[in-house]
Amino acid sequence: MNEPVVVRQCVDGPMLVRGADVVLDDQGNEHRVTRPVVAVCTCGKSQRKPWCDATHKVIPR
Amino acid sequence: MQVPHARGPLSAWVRDVLVGVDPGHAPDVPEDALTGNEDAQLALWMTYELHYRGFDDVSPDAEWDLGILALRRQLERRFEEQLRAVTASAEVPLDTDVGEVLLDLAQSADGPSIALRLQRDATVGQMRDYLSQRSIVQLKESDPHSFVLGRLDGAAKVALAELQYDEYGGGRPGRLHAALYAQALRAAGLDPQYGAYIEQASAVTLASVNVMSMFAFNRRLRGASMGHLAIFEATSSLPRRRISRGLERLGFPEDVRAYFDEHVEADAVHEHVVAHDICGCMVAAEPDLRDDVLFGALVCLHMDDLVACDFLQRWDSDLQVAS
């Protein structure tokens with residue numbers, strides 16, 4: 001059973017990724033996905049990259 | 001867990017029923033605000049706890065004792081009326097997308113910040129007070145919402161199941177969020193047992209967990225339960241990062257911070273899942289639930305403010321917080 005990986009861009013927020021096994025960060029490092037859904041940082045300011053840590057909420061849009 | 005000691009006539013009556021003493025007639029439920037009434041909140045908490053882990057030496061049949069259920073119904077009616085009254089005049093952002101409304105509401109929260117205090121100024125004793133009070137909620141983290149799962153259908157149900165799977169460790173018992181909290185308590189030198197701090201739990205701490213149970217145990221309020229959860233998740237990530245920094249500042253061990261660090265990441269995901277995939281799909285399927293979703297969200301914001309004020313007042317008025 002191969003379910004497609006689904007990526008959804010949240011409004012002013014991260015990308016929600018369902019079904020991925022590995023996410024590569026901007027340095028090419030592999031991060032294993034250990035949750036059913038992960039939020040990938042798109043603002044570039046997360047301190048837990050590649051994962052969102054909600055920092056986007058405190059930076060001016 | 002032992003049946004807690006009574007703090008007034010209502011909790012004394014429930015306690016008597018549970019321990020098998022003739023309780024006489026149930027006392028009247030007071031007219032004034034129940035949120036800060038520790039006797040009423042403890043009584044309500046005890047009636048709910050029968051559905052979770054129960055109490056040592058209390059018959060499991062007490063869960064459906066008609067006298068207890070009758071008193072609970074009265075307490076719940078009064079409590080819900082009061083919560084509806086305090087949230088009735090709140091301004092709700094105008095947006096047709098309920099998920100965006102929920103996230104905007106969370107973003108607009110401007111009450112006192114307990115997390116900021118814990119990050120910058122709190123003492124070790126205050127941090128321990130915070131950890132032990134919140135154990136009343138966190139040691140059964142996500143359990144109220146599991147009761148709602150069977151009341152949803154379709155996409156909303158799938159999304160709640162997905163969320164709960166993550167909360168319950170994603171297939172790894174050691175990652176169960178309630179177990180991470182127990183580990184944090186242990187590492188902080190506190191008692192990790194379920195219910196260990198119930199005798200110290202303030203009225204507001206009890207009220208904050210009672211609203212979750214009230215919303216979860218009444219099918220009618222399933223929308224409120226999920227709206228409450230949306231705000232709970234969407235106001236979690238940044239504050240928990242602050243608390244983690246406070247723990248680091250105060251020299252607490254890594255195992256205490258692990259719980260908070262996990263939530264920084266998990267709740268950054270969960271807020272979107274609850275707002276859009278659970279609440280959005282729920283309201284799409286049952287449009288009449290929209291008002292209750294927003295009611296639950298406003299109650300969570302209200303309770304968060306009360307919880308913060310409760311801690312700040314206690315710490316500012318009593319510098320001798322037990323440590």
# chains A, B, ... in the order shown; residues from 1 in each chain; ligands from 1
>>> interface_residues(of="chain B", to="chain A", cutoff="7 Å", atoms="only C-alpha atoms", output="count of residues only")
9
>>> residues_around(residues="Gly19 in chain A", least_positions_apart="3", cutoff="9 Å", atoms="only C-alpha atoms", output="PyMOL selection string")
chain A and resi 3-7+33+36-37
>>> write_last_selection(atoms="C-alpha atoms", output="PDB file, in the first residue's frame")
ATOM      1  CA  GLU A   3      -0.057   6.216   0.044  1.00  0.00           C
ATOM      2  CA  PRO A   4       1.185   9.408  -1.574  1.00  0.00           C
ATOM      3  CA  VAL A   5       3.165  11.890   0.494  1.00  0.00           C
ATOM      4  CA  VAL A   6       0.936  14.944   0.941  1.00  0.00           C
ATOM      5  CA  VAL A   7       2.351  18.409   1.589  1.00  0.00           C
ATOM      6  CA  VAL A  33      10.195  11.541  10.435  1.00  0.00           C
ATOM      7  CA  PRO A  36       2.294  10.878  11.609  1.00  0.00           C
ATOM      8  CA  VAL A  37       2.469  14.515  10.428  1.00  0.00           C
TER       9      VAL A  37
END
>>> select_by_dssp(residues="chain A", states="strand (DSSP E or B)", output="mmCIF file with N, CA and C atoms, in the first residue's frame")
data_model
loop_
_atom_site.group_PDB
_atom_site.id
_atom_site.type_symbol
_atom_site.label_atom_id
_atom_site.label_comp_id
_atom_site.auth_asym_id
_atom_site.auth_seq_id
_atom_site.Cartn_x
_atom_site.Cartn_y
_atom_site.Cartn_z
ATOM 1 N N VAL A 6 1.739 13.739 1.176
ATOM 2 C CA VAL A 6 0.936 14.944 0.941
ATOM 3 C C VAL A 6 1.565 16.115 1.698
ATOM 4 N N VAL A 7 1.756 17.210 0.991
ATOM 5 C CA VAL A 7 2.351 18.409 1.589
ATOM 6 C C VAL A 7 1.331 19.537 1.502
ATOM 7 N N ARG A 8 1.125 20.222 2.623
ATOM 8 C CA ARG A 8 0.168 21.331 2.609
ATOM 9 C C ARG A 8 0.829 22.577 3.208
ATOM 10 N N GLN A 9 0.767 23.661 2.473
ATOM 11 C CA GLN A 9 1.304 24.924 2.990
ATOM 12 C C GLN A 9 0.246 25.578 3.863
ATOM 13 N N MET A 15 4.921 24.088 6.438
ATOM 14 C CA MET A 15 4.336 23.102 5.537
ATOM 15 C C MET A 15 4.072 21.839 6.345
ATOM 16 N N LEU A 16 2.833 21.356 6.254
ATOM 17 C CA LEU A 16 2.515 20.093 6.918
ATOM 18 C C LEU A 16 2.790 18.967 5.942
ATOM 19 N N VAL A 17 3.565 17.986 6.403
ATOM 20 C CA VAL A 17 3.949 16.870 5.541
ATOM 21 C C VAL A 17 3.440 15.574 6.154
ATOM 22 N N ARG A 18 2.635 14.858 5.369
ATOM 23 C CA ARG A 18 2.116 13.560 5.806
ATOM 24 C C ARG A 18 2.678 12.468 4.905
ATOM 25 N N VAL A 22 11.765 10.757 5.469
ATOM 26 C CA VAL A 22 12.980 11.525 5.746
ATOM 27 C C VAL A 22 12.800 12.931 5.182
ATOM 28 N N VAL A 23 13.243 13.943 5.948
ATOM 29 C CA VAL A 23 13.265 15.317 5.442
ATOM 30 C C VAL A 23 14.722 15.776 5.448
ATOM 31 N N LEU A 24 15.151 16.356 4.343
ATOM 32 C CA LEU A 24 16.516 16.875 4.258
ATOM 33 C C LEU A 24 16.489 18.367 4.587
ATOM 34 N N GLU A 30 19.982 14.517 6.854
ATOM 35 C CA GLU A 30 18.746 13.741 6.895
ATOM 36 C C GLU A 30 18.115 13.803 8.283
ATOM 37 N N HIS A 31 16.797 14.035 8.317
ATOM 38 C CA HIS A 31 16.053 14.001 9.581
ATOM 39 C C HIS A 31 14.921 12.999 9.427
ATOM 40 N N ARG A 32 14.959 11.960 10.244
ATOM 41 C CA ARG A 32 13.918 10.939 10.162
ATOM 42 C C ARG A 32 12.596 11.483 10.679
ATOM 43 N N VAL A 37 2.398 13.277 11.222
ATOM 44 C CA VAL A 37 2.469 14.515 10.428
ATOM 45 C C VAL A 37 3.623 15.325 10.995
ATOM 46 N N VAL A 38 4.374 15.994 10.155
ATOM 47 C CA VAL A 38 5.393 16.917 10.654
ATOM 48 C C VAL A 38 5.159 18.292 10.053
ATOM 49 N N ALA A 39 5.624 19.324 10.780
ATOM 50 C CA ALA A 39 5.538 20.697 10.289
ATOM 51 C C ALA A 39 6.953 21.139 9.945
ATOM 52 N N VAL A 40 7.172 21.447 8.669
ATOM 53 C CA VAL A 40 8.501 21.848 8.201
ATOM 54 C C VAL A 40 8.549 23.379 8.142
ATOM 55 N N ARG A 48 14.737 24.809 15.541
ATOM 56 C CA ARG A 48 14.745 23.341 15.520
ATOM 57 C C ARG A 48 14.618 22.845 14.088
ATOM 58 N N TRP A 51 12.338 21.429 11.479
ATOM 59 C CA TRP A 51 10.970 21.435 12.009
ATOM 60 C C TRP A 51 10.551 22.837 12.447
#
>>> residues_around(residues="range 84-86 of chain B", least_positions_apart="2", cutoff="10 Å", atoms="only C-alpha atoms", output="list in words")
Arg78, Phe79, Glu80, Glu81, Gln82, Ala88, Ser89, Ala90, Phe295, Gly296, Leu298, Val299 and His302 of chain B
>>> select_by_dssp(residues="chain A", states="helix (DSSP H, G or I)", output="ChimeraX atom specification")
/A:55-58
>>> residues_around(residues="Pro192 in chain B", least_positions_apart="3", cutoff="8 Å", atoms="only C-alpha atoms", output="number ranges by chain")
B: 181-183, 185-186, 196
>>> residues_around(residues="range 223-235 of chain B", least_positions_apart="5", cutoff="8 Å", atoms="only C-alpha atoms", output="PDB file with C-alpha atoms, in the first residue's frame")
ATOM      1  CA  LEU B 102      -9.160  29.596  15.814  1.00  0.00           C
ATOM      2  CA  LEU B 103      -5.537  30.311  14.932  1.00  0.00           C
ATOM      3  CA  LEU B 105      -7.905  33.814  18.322  1.00  0.00           C
ATOM      4  CA  ALA B 106      -4.888  31.981  19.719  1.00  0.00           C
ATOM      5  CA  GLN B 107      -2.572  34.572  18.205  1.00  0.00           C
ATOM      6  CA  HIS B 145     -10.191  13.888  24.013  1.00  0.00           C
ATOM      7  CA  VAL B 148     -14.667  12.398  21.903  1.00  0.00           C
ATOM      8  CA  MET B 212     -11.876  19.485  29.463  1.00  0.00           C
ATOM      9  CA  PHE B 215     -16.677  19.070  27.215  1.00  0.00           C
ATOM     10  CA  ALA B 216     -15.484  15.526  26.557  1.00  0.00           C
ATOM     11  CA  ASP B 267       2.349  21.387  19.119  1.00  0.00           C
ATOM     12  CA  ALA B 268       3.674  23.401  16.177  1.00  0.00           C
ATOM     13  CA  HIS B 270      -0.864  19.865  16.248  1.00  0.00           C
ATOM     14  CA  GLU B 271      -2.255  23.389  16.161  1.00  0.00           C
ATOM     15  CA  HIS B 272      -2.757  23.131  12.400  1.00  0.00           C
ATOM     16  CA  VAL B 274      -6.701  20.572  15.274  1.00  0.00           C
ATOM     17  CA  ALA B 275      -7.711  23.919  13.778  1.00  0.00           C
ATOM     18  CA  ILE B 278     -10.376  18.419  13.128  1.00  0.00           C
ATOM     19  CA  CYS B 279     -12.391  21.601  13.723  1.00  0.00           C
ATOM     20  CA  MET B 282     -16.116  18.914  11.912  1.00  0.00           C
ATOM     21  CA  LEU B 289     -21.219  23.008  15.727  1.00  0.00           C
ATOM     22  CA  ARG B 290     -19.360  26.177  14.738  1.00  0.00           C
ATOM     23  CA  ASP B 292     -19.695  25.531  20.164  1.00  0.00           C
ATOM     24  CA  VAL B 293     -16.233  25.168  18.624  1.00  0.00           C
ATOM     25  CA  LEU B 294     -15.744  28.896  19.171  1.00  0.00           C
ATOM     26  CA  PHE B 295     -17.261  28.678  22.675  1.00  0.00           C
ATOM     27  CA  GLY B 296     -14.708  25.990  23.595  1.00  0.00           C
ATOM     28  CA  ALA B 297     -11.909  28.112  22.135  1.00  0.00           C
ATOM     29  CA  LEU B 298     -12.963  31.166  24.162  1.00  0.00           C
ATOM     30  CA  VAL B 299     -13.240  29.074  27.317  1.00  0.00           C
ATOM     31  CA  CYS B 300      -9.675  27.856  26.824  1.00  0.00           C
ATOM     32  CA  LEU B 301      -8.423  31.441  26.447  1.00  0.00           C
TER      33      LEU B 301
END
>>> residues_around(residues="His5 in chain B", least_positions_apart="2", cutoff="10 Å", atoms="only C-alpha atoms", output="count of residues only")
10
>>> decode(residues="range 252-272 of chain B", atoms="N, CA and C atoms", output="CSV table (one decimal), in the first residue's frame")
chain,number,residue,atom,x,y,z
B,252,PHE,N,17.6,22.8,36.1
B,252,PHE,CA,16.9,21.6,36.1
B,252,PHE,C,17.5,20.6,35.1
B,253,PRO,N,17.5,19.3,35.4
B,253,PRO,CA,18.1,18.3,34.5
B,253,PRO,C,17.4,18.2,33.1
B,254,GLU,N,18.1,17.7,32.2
B,254,GLU,CA,17.7,17.5,30.8
B,254,GLU,C,16.3,16.8,30.7
B,255,ASP,N,16.1,15.8,31.5
B,255,ASP,CA,14.9,15.0,31.5
B,255,ASP,C,13.7,15.9,31.8
B,256,VAL,N,13.8,16.9,32.6
B,256,VAL,CA,12.7,17.8,32.8
B,256,VAL,C,12.3,18.6,31.6
B,257,ARG,N,13.4,19.1,30.9
B,257,ARG,CA,13.2,19.9,29.7
B,257,ARG,C,12.7,19.1,28.6
B,258,ALA,N,13.0,17.8,28.5
B,258,ALA,CA,12.6,16.9,27.4
B,258,ALA,C,11.1,17.0,27.1
B,259,TYR,N,10.3,17.0,28.1
B,259,TYR,CA,8.9,17.1,27.9
B,259,TYR,C,8.5,18.4,27.2
B,260,PHE,N,9.1,19.5,27.7
B,260,PHE,CA,8.7,20.8,27.1
B,260,PHE,C,9.3,20.9,25.7
B,261,ASP,N,10.5,20.4,25.4
B,261,ASP,CA,11.1,20.5,24.1
B,261,ASP,C,10.3,19.6,23.1
B,262,GLU,N,9.8,18.5,23.5
B,262,GLU,CA,9.0,17.7,22.7
B,262,GLU,C,7.7,18.5,22.2
B,263,HIS,N,7.2,19.2,23.2
B,263,HIS,CA,5.9,19.9,22.9
B,263,HIS,C,6.1,21.1,22.0
B,264,VAL,N,7.3,21.7,22.0
B,264,VAL,CA,7.6,22.8,21.1
B,264,VAL,C,7.4,22.4,19.7
B,265,GLU,N,7.9,21.2,19.4
B,265,GLU,CA,7.9,20.6,18.0
B,265,GLU,C,6.5,20.0,17.7
B,266,ALA,N,6.0,19.2,18.7
B,266,ALA,CA,4.7,18.5,18.5
B,266,ALA,C,3.6,19.5,18.3
B,267,ASP,N,3.5,20.5,19.1
B,267,ASP,CA,2.3,21.4,19.1
B,267,ASP,C,2.4,22.4,18.0
B,268,ALA,N,3.6,22.6,17.4
B,268,ALA,CA,3.7,23.4,16.2
B,268,ALA,C,3.0,22.7,15.0
B,269,VAL,N,2.9,21.3,15.1
B,269,VAL,CA,2.2,20.5,14.1
B,269,VAL,C,0.7,20.5,14.5
B,270,HIS,N,0.5,20.2,15.8
B,270,HIS,CA,-0.9,19.9,16.2
B,270,HIS,C,-1.8,21.0,16.1
B,271,GLU,N,-1.3,22.3,16.3
B,271,GLU,CA,-2.3,23.4,16.2
B,271,GLU,C,-2.9,23.4,14.8
B,272,HIS,N,-2.2,23.1,13.7
B,272,HIS,CA,-2.8,23.1,12.4
B,272,HIS,C,-3.7,21.9,12.2
